[in-house]
Amino acid sequence: MTSSELWTRASADRYDAEEHEMSSAAVLGPTLDFLAALAGDGRALEFAIGTGRVGVPLRERGVPVVGIELSPHMAAVLRRKADEDTLPVVIGDMATTVVPGEFTLVYLVYNTLSNLLSQDEQVECFRNAARHLAPGGRFVVELGVPPLRFLPPGQVAVPFDVSERHLGFDTVDPAEQLLVSHHFTRDGDDGRYRRGASRHRYAWPAELDLMARIAGLERERRVADWDGTPFTHDSPKHLSVWRKPL
C-alpha cells in the first residue's frame, strides 16, 4: 500500500485543462529533449505517468514508453490519447509495482516523488527504479527545493502562486518534513472558488542522494531545469540524474 493520495475522476478530468501551461511547447520541448537523450535507443519507464502529459509526446518522439499510475481515472484520460499497444500502463504504486523488462531510463517528474509521505516509501521508490534499470541506465527526478528559507520565525505558510484565477500556498511542518499545498481555483466567471489541498513529504537533494546510494545508484548530474541551468542555492527546484553502475 502507498500513502499517495488517489486522484479522483473529477480531478483527472480537470487535470489537463488546469495544467495547460505545463503542456506548452516551451515547457515540454526541453523536457522531452532531456529525457529522449538519456533514453537513447532504449525503453523509458515513467513512474506516476498520470494523463500522459510527458509520456505521450515522448512516445511520439520514438521512445518506447511504459507507465505506472496509481489512479485508474488518470490512466483513463491517458487512454484517450494513446492505446495500450502504443503506451502500456500498469495500475499500481510507483514504490512497489514491477513491470516486465529492463529500461535505459526511469523518470519521475513534477514533484511527484513528494506524494509518497514517508521516507521508507521514497527509499522504496528509488529501489524500484534501480530494479527496472539496465546497467548504465538512469533515474531522473524533478523535485522542488523545500521552501523553508522563506519562513521567518512563527510563520507556517508560503505562497507559491497569486494570479487572477488561482491562489496557492504551502503550509509547512518542519518537524515531520511534511507540507500541504492549498489551492483556491476560480471556477467560471461568477466569482466562486474551488478549494483543494494535497499532502507532500519534502526531501532535500542530499537526502535523495543518500536514497540513491541505498538503491545502488550513483549521482551523475544535478541541474536547475530541463535546459541544464546550473543548480545553485537560489534554485527553486532541481533535476537530478542517478546512474546504475555497469
# chains A, B, ... in the order shown; residues from 1 in each chain; ligands from 1

$ residues_around --residues "region 8-16 of chain A" --least-positions-apart "6" --cutoff "9 Å" --atoms "only C-alpha atoms" --output "number ranges by chain"
A: 22-23, 50-51, 53, 71-77

$ residues_around --residues "region 193-196 of chain A" --least-positions-apart "4" --cutoff "10 Å" --atoms "only C-alpha atoms" --output "PyMOL selection string"
chain A and resi 11+165-168+181-189

$ atom_distance --atom1 "CA of Trp226 (chain A)" --atom2 "CA of Leu246 (chain A)"
25.5 Å

$ select_by_dssp --residues "region 11-246 of chain A" --states "helix (DSSP H, G or I)" --output "number ranges by chain"
A: 11-18, 20-23, 25-39, 55-60, 72-79, 112-115, 119-132, 147-150, 205-214

$ residues_around --residues "Thr2 (chain A)" --least-positions-apart "3" --cutoff "10 Å" --atoms "only C-alpha atoms" --output "list in words"
Glu5, Leu6, Leu70, Gly92, Asp93, Met94, Ala95, Thr96, Asn115, Leu116, Leu117, Ser118 and Glu121 of chain A

$ closest_residue --among "A:Pro159, A:Glu176, A:Gly137, A:Thr232" --to "Arg219 (chain A)" --atoms "only C-alpha atoms"
A:Gly137

$ atom_distance --atom1 "CA of Arg138 (chain A)" --atom2 "CA of Glu84 (chain A)"
24.6 Å

$ residues_around --residues "Arg127 (chain A)" --least-positions-apart "2" --cutoff "8 Å" --atoms "only C-alpha atoms" --output "PyMOL selection string"
chain A and resi 95+123-125+129-131+212+214-216

$ closest_residue --among "A:Val56, A:Tyr202, A:Ser3, A:Arg222" --to "Gly144 (chain A)" --atoms "only C-alpha atoms"
A:Tyr202

$ select_by_dssp --residues "region 3-238 of chain A" --states "strand (DSSP E)" --output "number ranges by chain"
A: 44-47, 65-69, 89-91, 103-108, 133-144, 157-162, 166-173, 178-186, 193-201, 218-223, 237-238

$ closest_residue --among "A:Thr97, A:Asn111, A:Thr31, A:Gln155" --to "His132 (chain A)" --atoms "only C-alpha atoms"
A:Thr97

$ residues_around --residues "Gly52 (chain A)" --least-positions-apart "6" --cutoff "10 Å" --atoms "only C-alpha atoms" --output "PyMOL selection string"
chain A and resi 16+46+58-59+67+69+74-75+77-82+87+89

$ write_last_selection --atoms "C-alpha atoms" --output "CSV table (one decimal), in the first residue's frame"
chain,number,residue,atom,x,y,z
A,16,ASP,CA,-5.1,18.7,-18.5
A,46,GLU,CA,7.5,6.8,-16.3
A,58,LEU,CA,7.9,11.3,-25.6
A,59,ARG,CA,6.4,8.2,-27.2
A,67,GLY,CA,3.9,3.9,-17.4
A,69,GLU,CA,0.0,5.0,-12.5
A,74,MET,CA,-5.8,9.5,-14.6
A,75,ALA,CA,-4.9,6.5,-16.7
A,77,VAL,CA,-7.6,10.2,-19.5
A,78,LEU,CA,-4.3,9.0,-21.0
A,79,ARG,CA,-6.2,6.2,-22.8
A,80,ARG,CA,-8.0,9.0,-24.8
A,81,LYS,CA,-4.6,9.9,-26.3
A,82,ALA,CA,-2.8,6.6,-26.8
A,87,LEU,CA,1.8,3.1,-24.5
A,89,VAL,CA,0.2,1.4,-18.4
